[in-house]
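Everything below belongs to entry.txt, which stores compact mmCIF, C-alpha atoms.
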```txt
# COMPACT_ATOMS: atom_id res chain seq x y z
CA MET A 648 -9.51 -19.26 -5.54
CA SER A 649 -10.85 -22.47 -4.24
CA GLU A 650 -8.79 -22.44 -1.02
CA HIS A 651 -10.72 -19.44 0.21
CA THR A 652 -14.04 -20.48 1.55
CA HIS A 653 -16.67 -17.98 0.66
CA PRO A 654 -19.04 -17.06 3.45
CA HIS A 655 -22.61 -16.46 2.42
CA PRO A 656 -22.27 -13.50 0.09
CA HIS A 657 -25.12 -11.55 1.55
CA ASP A 658 -24.94 -12.51 5.19
CA HIS A 659 -24.18 -8.90 6.11
CA ASP A 660 -27.28 -7.37 4.69
CA GLY A 661 -28.69 -7.21 8.20
CA ASP A 662 -25.74 -5.14 9.39
CA HIS A 663 -26.10 -2.85 6.43
CA ASP A 664 -29.75 -2.26 7.15
CA ASN A 665 -28.92 -1.36 10.74
CA ALA A 666 -26.27 1.04 9.53
CA HIS A 667 -28.79 2.64 7.21
CA ASP A 668 -31.21 3.19 10.09
CA ARG A 669 -28.89 5.64 11.77
CA PRO A 670 -29.18 9.24 10.62
CA LEU A 671 -26.25 10.02 8.38
CA SER A 672 -24.13 13.12 8.41
CA GLY A 673 -20.78 14.37 7.12
CA PRO A 674 -18.77 11.99 5.00
CA ALA A 675 -21.22 9.09 5.50
CA LEU A 676 -23.92 11.17 3.85
CA ARG A 677 -21.62 12.34 1.07
CA VAL A 678 -20.63 8.76 0.26
CA LYS A 679 -24.23 7.61 0.19
CA ALA A 680 -25.13 10.45 -2.18
CA LEU A 681 -22.16 9.71 -4.41
CA GLU A 682 -22.99 6.01 -4.55
CA SER A 683 -26.61 6.79 -5.55
CA LEU A 684 -25.48 9.25 -8.18
CA LEU A 685 -23.00 6.83 -9.74
CA ALA A 686 -25.54 4.01 -9.69
CA GLU A 687 -28.18 6.22 -11.34
CA LYS A 688 -25.68 7.21 -13.98
CA GLY A 689 -24.99 3.55 -14.65
CA LEU A 690 -21.32 3.78 -13.66
CA ILE A 691 -21.34 1.35 -10.74
CA ASP A 692 -23.32 -1.63 -9.54
CA PRO A 693 -24.03 -1.49 -5.76
CA LYS A 694 -23.92 -5.31 -5.64
CA THR A 695 -20.31 -5.09 -6.77
CA LEU A 696 -19.55 -2.75 -3.87
CA ASP A 697 -20.99 -5.34 -1.46
CA GLU A 698 -18.77 -7.96 -3.03
CA ILE A 699 -15.62 -5.79 -2.78
CA VAL A 700 -16.26 -5.06 0.91
CA ASP A 701 -16.98 -8.71 1.63
CA THR A 702 -13.83 -9.81 -0.21
CA TYR A 703 -11.50 -7.57 1.78
CA GLU A 704 -13.30 -8.24 5.06
CA HIS A 705 -13.30 -12.01 4.77
CA ARG A 706 -11.12 -13.42 2.03
CA VAL A 707 -7.99 -11.34 1.44
CA GLY A 708 -5.88 -10.84 4.53
CA PRO A 709 -2.66 -11.58 6.39
CA ARG A 710 -3.32 -15.32 6.41
CA ASN A 711 -2.15 -15.23 2.78
CA GLY A 712 1.17 -13.71 3.78
CA ALA A 713 1.53 -16.15 6.69
CA ARG A 714 1.35 -19.09 4.29
CA ILE A 715 4.11 -17.55 2.16
CA VAL A 716 6.35 -17.06 5.22
CA ALA A 717 5.72 -20.61 6.45
CA ARG A 718 6.64 -21.99 3.02
CA ALA A 719 9.84 -19.91 2.98
CA TRP A 720 10.75 -21.27 6.43
CA THR A 721 10.30 -24.89 5.46
CA ASP A 722 11.37 -24.97 1.82
CA PRO A 723 14.85 -23.47 1.14
CA ALA A 724 14.30 -23.45 -2.64
CA TYR A 725 11.04 -21.53 -2.21
CA ARG A 726 12.77 -19.06 0.14
CA GLN A 727 15.37 -18.38 -2.55
CA ARG A 728 12.71 -17.87 -5.22
CA LEU A 729 10.79 -15.54 -2.90
CA LEU A 730 13.79 -13.35 -2.11
CA ALA A 731 14.91 -13.28 -5.76
CA ASN A 732 11.50 -12.59 -7.33
CA ALA A 733 8.69 -12.27 -4.84
CA THR A 734 6.03 -11.50 -7.44
CA GLU A 735 6.53 -14.83 -9.21
CA ALA A 736 6.99 -16.79 -5.97
CA ILE A 737 3.78 -15.37 -4.49
CA ALA A 738 1.97 -16.05 -7.77
CA GLU A 739 2.66 -19.75 -7.13
CA PHE A 740 0.02 -19.50 -4.39
CA GLY A 741 -2.40 -17.74 -6.74
CA PHE A 742 -2.67 -14.63 -4.52
CA ILE A 743 -1.48 -12.44 -7.39
CA GLU A 744 -0.85 -12.74 -11.11
CA PRO A 745 2.82 -12.93 -12.03
CA HIS A 746 2.80 -9.69 -14.04
CA ALA A 747 0.74 -7.57 -11.66
CA GLU A 748 0.95 -6.45 -8.04
CA ASP A 749 4.74 -6.27 -8.02
CA MET A 750 6.17 -7.45 -4.73
CA VAL A 751 9.49 -7.62 -2.89
CA ALA A 752 10.11 -9.89 0.10
CA VAL A 753 12.85 -8.84 2.51
CA GLU A 754 14.25 -11.13 5.16
CA ASN A 755 15.04 -10.41 8.78
CA THR A 756 18.34 -11.92 9.93
CA PRO A 757 20.37 -11.70 13.14
CA GLN A 758 22.07 -8.65 11.54
CA VAL A 759 19.13 -6.88 9.84
CA ARG A 760 15.65 -5.78 10.94
CA ASN A 761 13.35 -4.61 8.15
CA LEU A 762 10.50 -2.12 8.54
CA VAL A 763 7.94 -1.16 5.87
CA VAL A 764 6.20 2.21 5.54
CA CYS A 765 4.80 4.49 2.85
CA SER A 766 5.61 8.07 3.81
CA LEU A 767 3.63 9.61 0.91
CA CYS A 768 0.30 7.77 1.25
CA SER A 769 -0.26 4.30 2.69
CA CYS A 770 0.86 1.83 0.01
CA TYR A 771 0.52 -1.71 1.37
CA PRO A 772 0.60 -5.21 -0.17
CA TRP A 773 -3.17 -5.82 -0.20
CA PRO A 774 -3.15 -9.26 -1.90
CA VAL A 775 -0.92 -10.81 0.77
CA LEU A 776 -1.67 -8.75 3.91
CA GLY A 777 -5.16 -7.40 3.23
CA LEU A 778 -5.93 -3.78 4.02
CA PRO A 779 -3.57 -1.95 6.38
CA PRO A 780 -4.35 -1.38 10.06
CA ALA A 781 -5.17 2.18 11.15
CA TRP A 782 -1.73 2.78 12.66
CA PHE A 783 -0.02 2.02 9.32
CA LYS A 784 -2.13 4.75 7.69
CA SER A 785 -1.65 7.20 10.56
CA ASP A 786 0.28 10.43 10.12
CA ALA A 787 2.34 9.54 13.20
CA TYR A 788 3.63 6.28 11.69
CA ARG A 789 4.21 7.70 8.21
CA ALA A 790 6.12 10.72 9.54
CA ARG A 791 8.19 8.85 12.08
CA ALA A 792 9.10 5.46 10.57
CA VAL A 793 11.67 6.89 8.15
CA ILE A 794 13.44 9.21 10.62
CA ASP A 795 13.06 7.28 13.87
CA PRO A 796 12.47 3.61 13.08
CA ARG A 797 13.97 2.53 16.38
CA GLY A 798 11.49 4.73 18.24
CA VAL A 799 8.64 3.21 16.24
CA LEU A 800 9.87 -0.29 16.98
CA LYS A 801 10.10 0.60 20.67
CA ALA A 802 6.45 1.71 20.59
CA PHE A 803 5.68 -1.82 19.40
CA GLY A 804 7.73 -3.27 22.26
CA GLN A 805 10.78 -4.03 20.14
CA ASP A 806 14.17 -2.97 21.46
CA VAL A 807 16.67 -3.39 18.64
CA PRO A 808 20.34 -3.45 19.69
CA GLU A 809 22.66 -0.83 18.15
CA ASP A 810 24.75 -3.42 16.30
CA ILE A 811 21.74 -4.58 14.28
CA GLU A 812 20.95 -2.60 11.12
CA VAL A 813 17.41 -1.27 10.93
CA ARG A 814 16.51 -1.14 7.24
CA VAL A 815 13.46 0.95 6.37
CA TRP A 816 11.61 0.33 3.10
CA ASP A 817 9.69 3.48 2.17
CA SER A 818 7.42 1.95 -0.48
CA THR A 819 6.42 5.13 -2.28
CA ALA A 820 6.59 3.72 -5.82
CA GLU A 821 5.42 0.57 -7.63
CA MET A 822 6.84 -2.21 -5.47
CA ARG A 823 5.01 -3.47 -2.39
CA TYR A 824 6.96 -5.05 0.47
CA MET A 825 6.53 -7.87 2.92
CA VAL A 826 8.98 -8.89 5.63
CA VAL A 827 9.94 -12.51 6.15
CA PRO A 828 10.45 -12.61 9.92
CA GLU A 829 12.97 -14.88 11.63
CA ARG A 830 11.68 -18.34 12.40
CA PRO A 831 11.51 -18.71 16.17
CA ALA A 832 13.51 -21.35 18.01
CA GLY A 833 11.48 -24.27 19.24
CA THR A 834 9.58 -24.79 15.99
CA GLU A 835 11.83 -27.48 14.54
CA GLY A 836 9.83 -30.11 12.72
CA TRP A 837 6.61 -28.08 12.67
CA SER A 838 4.37 -28.41 9.64
CA GLU A 839 3.88 -25.50 7.27
CA GLU A 840 0.31 -25.15 8.47
CA ARG A 841 1.29 -24.99 12.13
CA LEU A 842 3.99 -22.43 11.37
CA ALA A 843 1.61 -20.28 9.32
CA ALA A 844 -0.68 -20.07 12.36
CA ILE A 845 1.96 -18.23 14.44
CA VAL A 846 3.00 -15.69 11.77
CA THR A 847 1.44 -12.33 12.61
CA ARG A 848 0.56 -9.41 10.38
CA ASP A 849 2.80 -7.13 12.43
CA SER A 850 5.80 -9.39 11.85
CA MET A 851 5.26 -9.13 8.08
CA VAL A 852 5.19 -5.31 8.23
CA GLY A 853 8.32 -5.45 10.38
CA VAL A 854 7.01 -4.00 13.65
CA GLY A 855 6.83 -7.39 15.36
CA THR A 856 8.66 -10.67 15.60
CA VAL A 857 7.23 -14.18 15.67
CA ALA A 858 7.24 -15.93 19.01
CA VAL A 859 6.17 -19.30 20.29
CA ALA A 860 3.87 -19.11 23.28
CA THR A 861 5.93 -19.91 26.35
CA GLY A 862 4.92 -22.72 28.63
CA GLY A 863 3.19 -24.67 25.90
CA GLY A 864 6.40 -26.30 24.69
CA ALA A 865 7.15 -26.81 21.01
CA MET B 1263 4.18 18.66 -5.05
CA ASN B 1264 5.57 19.96 -1.78
CA SER B 1265 2.51 19.53 0.39
CA ILE B 1266 1.42 18.01 3.65
CA HIS B 1267 1.03 14.45 2.31
CA ASP B 1268 4.84 14.26 2.10
CA MET B 1269 5.27 13.58 5.80
CA GLY B 1270 8.45 11.56 6.08
CA GLY B 1271 10.60 12.97 8.87
CA MET B 1272 8.07 15.48 10.22
CA HIS B 1273 7.71 15.98 13.95
CA GLY B 1274 4.59 16.73 15.97
CA MET B 1275 2.22 14.20 14.37
CA GLY B 1276 1.28 12.90 17.78
CA PRO B 1277 1.83 9.58 19.51
CA LEU B 1278 1.61 6.33 17.63
CA VAL B 1279 -1.73 4.82 18.57
CA ILE B 1280 -1.71 1.05 18.16
CA GLU B 1281 -5.19 -0.39 18.37
CA GLN B 1282 -6.16 -4.00 18.38
CA GLU B 1283 -8.52 -4.21 15.46
CA ASP B 1284 -11.30 -6.64 14.78
CA HIS B 1285 -12.78 -4.93 11.76
CA VAL B 1286 -11.25 -4.09 8.40
CA PHE B 1287 -13.66 -1.18 8.02
CA HIS B 1288 -14.49 0.63 11.26
CA GLU B 1289 -17.54 2.35 9.74
CA TYR B 1290 -19.94 1.19 7.08
CA TRP B 1291 -19.12 4.19 4.88
CA HIS B 1292 -15.38 3.41 4.98
CA GLY B 1293 -16.07 0.22 3.10
CA ARG B 1294 -18.31 2.05 0.63
CA VAL B 1295 -15.55 4.60 -0.15
CA PHE B 1296 -13.04 1.83 -0.60
CA ALA B 1297 -15.35 -0.15 -2.88
CA LEU B 1298 -16.47 2.90 -4.87
CA ARG B 1299 -12.86 3.75 -5.56
CA MET B 1300 -12.21 0.29 -6.97
CA ALA B 1301 -15.44 0.12 -8.99
CA CYS B 1302 -14.86 3.58 -10.50
CA ALA B 1303 -11.21 2.87 -11.34
CA PHE B 1304 -12.41 -0.09 -13.40
CA HIS B 1305 -13.54 2.30 -16.16
CA ARG B 1306 -9.95 3.47 -16.63
CA ARG B 1307 -11.04 7.07 -17.21
CA TYR B 1308 -8.22 8.04 -14.85
CA ASN B 1309 -5.26 6.17 -13.39
CA GLY B 1310 -4.00 5.49 -9.87
CA ASP B 1311 -1.35 8.19 -10.08
CA MET B 1312 -4.05 10.75 -10.93
CA GLY B 1313 -5.96 9.55 -7.86
CA ARG B 1314 -2.93 10.08 -5.61
CA TYR B 1315 -2.31 13.51 -7.13
CA ALA B 1316 -5.94 14.45 -6.40
CA ARG B 1317 -5.50 13.52 -2.73
CA GLU B 1318 -2.30 15.56 -2.47
CA ARG B 1319 -4.18 18.67 -3.59
CA MET B 1320 -6.49 18.60 -0.58
CA PRO B 1321 -5.72 21.89 1.24
CA PRO B 1322 -3.18 21.10 3.98
CA ALA B 1323 -5.31 22.24 6.93
CA GLU B 1324 -8.23 20.12 5.71
CA PHE B 1325 -5.92 17.21 4.99
CA LEU B 1326 -4.57 17.14 8.53
CA ALA B 1327 -8.04 17.31 10.02
CA ALA B 1328 -9.38 14.53 7.78
CA SER B 1329 -9.33 10.80 8.39
CA TYR B 1330 -7.87 8.36 5.86
CA TYR B 1331 -11.26 7.64 4.27
CA GLU B 1332 -12.24 11.33 4.23
CA ARG B 1333 -9.06 11.98 2.26
CA ALA B 1334 -9.91 9.09 -0.03
CA LEU B 1335 -13.44 10.42 -0.56
CA TYR B 1336 -12.12 13.88 -1.38
CA ALA B 1337 -9.73 12.41 -3.96
CA LEU B 1338 -12.44 10.22 -5.48
CA GLU B 1339 -14.83 13.16 -5.91
CA ARG B 1340 -12.08 15.26 -7.53
CA VAL B 1341 -10.93 12.60 -9.92
CA LEU B 1342 -14.50 11.71 -10.95
CA VAL B 1343 -15.17 15.35 -11.81
CA GLU B 1344 -11.81 15.92 -13.49
CA SER B 1345 -12.18 12.80 -15.63
CA GLY B 1346 -15.68 13.89 -16.68
CA MET B 1347 -17.42 10.85 -15.17
CA ILE B 1348 -19.62 13.25 -13.20
CA ASP B 1349 -19.84 17.02 -13.20
CA GLU B 1350 -19.61 19.46 -10.34
CA ALA B 1351 -23.35 20.23 -10.42
CA GLU B 1352 -24.23 16.54 -10.16
CA LEU B 1353 -21.92 16.18 -7.19
CA VAL B 1354 -23.61 19.09 -5.42
CA GLU B 1355 -27.18 18.15 -6.39
CA GLY B 1356 -26.73 14.40 -6.02
CA ARG B 1357 -28.85 13.89 -9.14
CA PRO B 1358 -27.66 12.93 -12.61
CA ALA B 1359 -27.87 15.63 -15.28
CA SER B 1360 -27.33 13.00 -17.92
CA ALA B 1361 -27.69 9.25 -17.83
CA GLU B 1362 -24.39 7.95 -19.04
CA ARG B 1363 -24.50 4.21 -19.46
CA ALA B 1364 -21.00 2.84 -19.28
CA ALA B 1365 -20.18 0.08 -21.72
CA ALA B 1366 -19.55 -2.28 -18.81
CA ASN B 1367 -19.36 -1.93 -15.06
CA LEU B 1368 -17.28 -4.03 -12.71
CA ARG B 1369 -19.45 -7.04 -11.92
CA PRO B 1370 -19.46 -8.93 -8.61
CA GLU B 1371 -18.00 -12.06 -10.20
CA GLN B 1372 -14.99 -10.06 -11.45
CA VAL B 1373 -13.98 -8.79 -8.01
CA GLU B 1374 -11.93 -11.82 -6.99
CA ALA B 1375 -9.74 -11.51 -10.10
CA ILE B 1376 -9.26 -7.78 -9.52
CA THR B 1377 -7.68 -8.48 -6.13
CA ARG B 1378 -4.88 -10.29 -7.97
CA THR B 1379 -4.40 -7.94 -10.91
CA ARG B 1380 -5.40 -4.49 -9.71
CA ARG B 1381 -2.05 -2.83 -10.17
CA ARG B 1382 -0.35 -3.22 -13.53
CA THR B 1383 2.39 -0.66 -13.90
CA ARG B 1384 5.20 -2.92 -15.10
CA MET B 1385 6.16 -2.27 -18.72
CA ASP B 1386 8.96 -4.74 -19.36
CA GLU B 1387 7.65 -5.24 -22.89
CA VAL B 1388 9.05 -1.80 -23.75
CA ALA B 1389 12.75 -1.94 -24.59
CA VAL B 1390 14.33 0.83 -22.51
CA ALA B 1391 17.99 0.70 -21.56
CA PRO B 1392 18.74 1.19 -17.86
CA LYS B 1393 20.83 4.25 -17.04
CA PHE B 1394 22.28 2.65 -13.92
CA SER B 1395 23.51 -0.74 -12.72
CA VAL B 1396 23.52 -2.48 -9.37
CA GLY B 1397 26.33 -1.03 -7.25
CA ASP B 1398 26.31 2.40 -8.91
CA ALA B 1399 26.52 5.44 -6.66
CA VAL B 1400 23.69 7.86 -7.47
CA LEU B 1401 22.59 11.34 -6.48
CA THR B 1402 18.88 12.07 -6.37
CA ARG B 1403 17.74 15.18 -8.17
CA ASN B 1404 16.92 18.24 -6.14
CA PHE B 1405 13.69 19.41 -7.76
CA GLN B 1406 10.48 21.00 -6.51
CA PRO B 1407 7.73 19.91 -8.92
CA GLU B 1408 4.33 21.52 -8.47
CA GLY B 1409 2.87 18.37 -9.99
CA HIS B 1410 2.92 14.79 -8.73
CA THR B 1411 6.10 13.05 -7.65
CA ARG B 1412 7.00 9.95 -5.68
CA LEU B 1413 10.40 11.27 -4.61
CA PRO B 1414 9.84 12.50 -1.04
CA ARG B 1415 11.44 15.79 -0.01
CA TYR B 1416 13.65 14.11 2.57
CA ALA B 1417 15.38 12.09 -0.15
CA ARG B 1418 16.10 14.86 -2.68
CA GLY B 1419 19.71 15.80 -3.37
CA ARG B 1420 20.97 12.74 -1.47
CA ARG B 1421 23.57 10.11 -2.25
CA GLY B 1422 22.72 6.42 -2.32
CA VAL B 1423 23.64 3.16 -4.00
CA VAL B 1424 21.58 1.15 -6.50
CA GLN B 1425 20.93 -2.27 -4.98
CA ARG B 1426 18.39 -3.75 -7.40
CA ASP B 1427 16.99 -3.01 -10.85
CA HIS B 1428 13.24 -3.73 -10.69
CA GLY B 1429 12.76 -3.45 -14.46
CA VAL B 1430 10.70 -1.05 -16.56
CA PHE B 1431 7.65 0.69 -15.09
CA SER B 1432 5.38 3.54 -16.04
CA PHE B 1433 6.58 6.80 -14.48
CA ALA B 1434 4.16 8.07 -11.83
CA ASP B 1435 5.11 11.75 -12.16
CA SER B 1436 4.16 12.09 -15.84
CA ASN B 1437 1.37 9.49 -15.72
CA ALA B 1438 -0.42 11.56 -13.05
CA MET B 1439 -0.19 14.83 -14.98
CA THR B 1440 -0.61 13.96 -18.66
CA ARG B 1441 -1.14 10.19 -18.77
CA ASP B 1442 2.28 9.94 -20.43
CA ARG B 1443 3.53 6.64 -19.07
CA LYS B 1444 7.14 7.44 -20.03
CA PRO B 1445 8.39 3.88 -19.35
CA GLN B 1446 11.78 3.70 -17.63
CA HIS B 1447 13.76 1.60 -15.20
CA MET B 1448 13.00 1.77 -11.51
CA TYR B 1449 15.61 0.77 -8.94
CA SER B 1450 15.85 0.09 -5.26
CA VAL B 1451 18.29 2.69 -3.92
CA ARG B 1452 19.77 2.41 -0.46
CA PHE B 1453 20.68 5.47 1.61
CA MET B 1454 22.56 5.60 4.88
CA ALA B 1455 20.24 7.05 7.52
CA SER B 1456 22.99 9.58 8.32
CA GLU B 1457 22.95 10.82 4.68
CA LEU B 1458 19.25 11.63 5.07
CA TRP B 1459 19.00 12.70 8.69
CA GLY B 1460 22.48 13.78 9.75
CA GLU B 1461 25.13 12.51 12.10
CA ALA B 1462 22.76 11.70 14.96
CA ALA B 1463 21.22 8.81 12.98
CA ALA B 1464 22.16 5.30 14.06
CA PRO B 1465 25.36 4.53 12.14
CA ARG B 1466 24.25 1.21 10.63
CA ASP B 1467 20.68 2.12 9.75
CA THR B 1468 19.52 2.56 6.17
CA VAL B 1469 16.45 3.70 4.21
CA CYS B 1470 15.58 2.19 0.84
CA LEU B 1471 13.42 3.84 -1.81
CA ASP B 1472 12.26 2.74 -5.25
CA LEU B 1473 13.35 5.44 -7.69
CA TRP B 1474 12.94 5.91 -11.43
CA ASP B 1475 15.74 6.90 -13.84
CA ASP B 1476 14.32 10.43 -14.07
CA TYR B 1477 15.03 10.98 -10.36
CA LEU B 1478 18.67 9.96 -10.54
CA LEU B 1479 22.04 11.44 -11.53
CA PRO B 1480 25.42 9.71 -11.44
CA ALA B 1481 27.24 10.48 -8.20
```
Would you put the structure from the file into structure tokens?
Amino acid sequence: MSEHTHPHPHDHDGDHDNAHDRPLSGPALRVKALESLLAEKGLIDPKTLDEIVDTYEHRVGPRNGARIVARAWTDPAYRQRLLANATEAIAEFGFIEPHAEDMVAVENTPQVRNLVVCSLCSCYPWPVLGLPPAWFKSDAYRARAVIDPRGVLKAFGQDVPEDIEVRVWDSTAEMRYMVVPERPAGTEGWSEERLAAIVTRDSMVGVGTVAVATGGGA
Amino acid sequence: MNSIHDMGGMHGMGPLVIEQEDHVFHEYWHGRVFALRMACAFHRRYNGDMGRYARERMPPAEFLAASYYERALYALERVLVESGMIDEAELVEGRPASAERAAANLRPEQVEAITRTRRRTRMDEVAVAPKFSVGDAVLTRNFQPEGHTRLPRYARGRRGVVQRDHGVFSFADSNAMTRDRKPQHMYSVRFMASELWGEAAAPRDTVCLDLWDDYLLPA
């Protein structure tokens, strides 16, 4: 998509060469052997692998999701479309095709805090949040989020009062989830772009909230 | 299958380590595993459910000792062998026994489109009547399949309420085992935390799972 600026496609070759200089062992060696085998068999193109890595390192990430949240905060009709059919509403941005990458957007309110996990593997909405952080894939998070979501939230510095429902989305099947966090006070009149800049990845997984830096005013 | 991958609700998995991360891939080879997985899947000789089932079959002790990308590498090797894309001897030797030219490989210029269309499991074009409606009380089946399933152990034999009908999707359990897509409705089902975890659970808290018709009975 044109809104993503493409860095020089091969500007990491230097890094790769450095990585290759180190002696390889264990899984690193196994992967290298597998890649060579598949390339020799004509089943993969190593240049395509470079492109995939570059794409997920530089072009697909949580900034996509932040733009969706900022639009939902500023455009009530868009918010309704997003909550009713997230796949189609996200497709308006071009991050996904309307009949692929099925998505659900769930909204935090003063009564409900949402938290996303995949207890069976690490399913995550790649097109809007990029690849998951290590903690999302960790056994500790996957085991604990469904049984002790309040403990998980506490580990992220979030104390959720008893009278608020914590709603866990264990995304073990075909739908992928993003949380629409609450818009913080003090952002009245902000542009979509300025709002998108304060939306964090953690808030869209549900382990964080969005805050305005104190002292700087609105 | 009832194995170690099905971790929801387990204790003893250690503290939650929250790192500030600057890199998507912490090691060069992590990115190569990730990219290999996507480039190999392009040939459609196996499907994503078969890939997940391969990972689940990693022996539990090895699974727990392995990192995320080691698990992914294990699954990729298994599924490549099982789909006949490579054979066991080639994997061990690292040299091709036969040069198999695929009709077409994933090309660099196709990668951007793949990020938007990678997963296509919706099958709304197939006319299948839903067995349940929004608001219905349901009971999840209590089964112990040796094959693949996306119904975690902690949610078997539990009562919930259908809150959304997502439409018709291919069924992961059969698609992983026999490539039978068995299209059927999939719903968001909401469970009280106390139904899953007992009376000590916070009284208002809930857990929602996406469940296919084949997992559900009327309650």
I'd like the contact shell of range 842-849 of chain A - 12 Å cut-off, only C-alpha atoms, skipping same-chain residues fewer than 5 positions apart - returned as a PyMOL selection string. (chain A and resi 708-721+761-763+771-773+775-780+782-783+800+803-805+825-837+854-860+865) or (chain B and resi 1280+1282-1283)
What is the distance between CA of Gly1419 in chain B and CA of Asp817 in chain A, in Å to one decimal? 16.8 Å
May I ask which of the residues A:Asp722, A:Asp701, A:Glu735, A:Glu840 is the closest one to chain B, counting only C-alpha atoms? A:Asp701
Could you tell me which residues of chain A sit within 7 Å of chain B when counting only C-alpha atoms, and give me the result as a VMD selection string? chain A and resid 666 674 to 675 678 680 to 681 684 687 to 692 694 to 696 698 to 700 704 742 to 744 747 to 748 766 to 768 774 778 782 786 to 791 793 to 794 812 to 820
What are the centre and the three edge lengths of an axis-aligned box that wraps all atoms of range 746-754 of chain A in the file, given that 5 Å is added to every side, written as lines of an AutoDock Vina configuration file and rounded to one decimal in Å?
```
center_x = 7.5
center_y = -8.7
center_z = -4.4
size_x = 23.5
size_y = 14.9
size_z = 29.2
```
Residue nearest Val1341 in chain B among B:Asn1264, B:Pro1322, B:Ala1438, B:Tyr1477 (counting all atoms listed in the file):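 Distance minimum relative to Val1341 in chain B lands on B:Ala1438.
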Incomplete range 727-738 of chain A brought to N, CA and C atoms, written out as a JSON list (two decimals), keeping the file's coordinate frame:
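The result, stored in out_21.json:
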```
[["chain", "number", "residue", "atom", "x", "y", "z"],
["A", 727, "GLN", "N", 14.50, -19.03, -1.57],
["A", 727, "GLN", "CA", 15.37, -18.38, -2.55],
["A", 727, "GLN", "C", 14.57, -17.74, -3.67],
["A", 728, "ARG", "N", 13.54, -18.44, -4.14],
["A", 728, "ARG", "CA", 12.71, -17.87, -5.22],
["A", 728, "ARG", "C", 11.99, -16.61, -4.72],
["A", 729, "LEU", "N", 11.53, -16.66, -3.47],
["A", 729, "LEU", "CA", 10.79, -15.54, -2.90],
["A", 729, "LEU", "C", 11.68, -14.30, -2.77],
["A", 730, "LEU", "N", 12.90, -14.50, -2.30],
["A", 730, "LEU", "CA", 13.79, -13.35, -2.11],
["A", 730, "LEU", "C", 14.30, -12.82, -3.45],
["A", 731, "ALA", "N", 14.40, -13.70, -4.44],
["A", 731, "ALA", "CA", 14.91, -13.28, -5.76],
["A", 731, "ALA", "C", 13.81, -12.60, -6.58],
["A", 732, "ASN", "N", 12.61, -13.15, -6.55],
["A", 732, "ASN", "CA", 11.50, -12.59, -7.33],
["A", 732, "ASN", "C", 10.19, -12.90, -6.61],
["A", 733, "ALA", "N", 9.84, -12.02, -5.70],
["A", 733, "ALA", "CA", 8.69, -12.27, -4.84],
["A", 733, "ALA", "C", 7.39, -12.33, -5.64],
["A", 734, "THR", "N", 7.27, -11.52, -6.67],
["A", 734, "THR", "CA", 6.03, -11.50, -7.44],
["A", 734, "THR", "C", 5.73, -12.89, -8.00],
["A", 735, "GLU", "N", 6.74, -13.50, -8.63],
["A", 735, "GLU", "CA", 6.53, -14.83, -9.21],
["A", 735, "GLU", "C", 6.34, -15.89, -8.13],
["A", 736, "ALA", "N", 7.10, -15.78, -7.03],
["A", 736, "ALA", "CA", 6.99, -16.79, -5.97],
["A", 736, "ALA", "C", 5.62, -16.72, -5.28],
["A", 737, "ILE", "N", 5.10, -15.52, -5.12],
["A", 737, "ILE", "CA", 3.78, -15.37, -4.49],
["A", 737, "ILE", "C", 2.69, -15.82, -5.46],
["A", 738, "ALA", "N", 2.94, -15.60, -6.75],
["A", 738, "ALA", "CA", 1.97, -16.05, -7.77],
["A", 738, "ALA", "C", 1.79, -17.57, -7.74]]
```
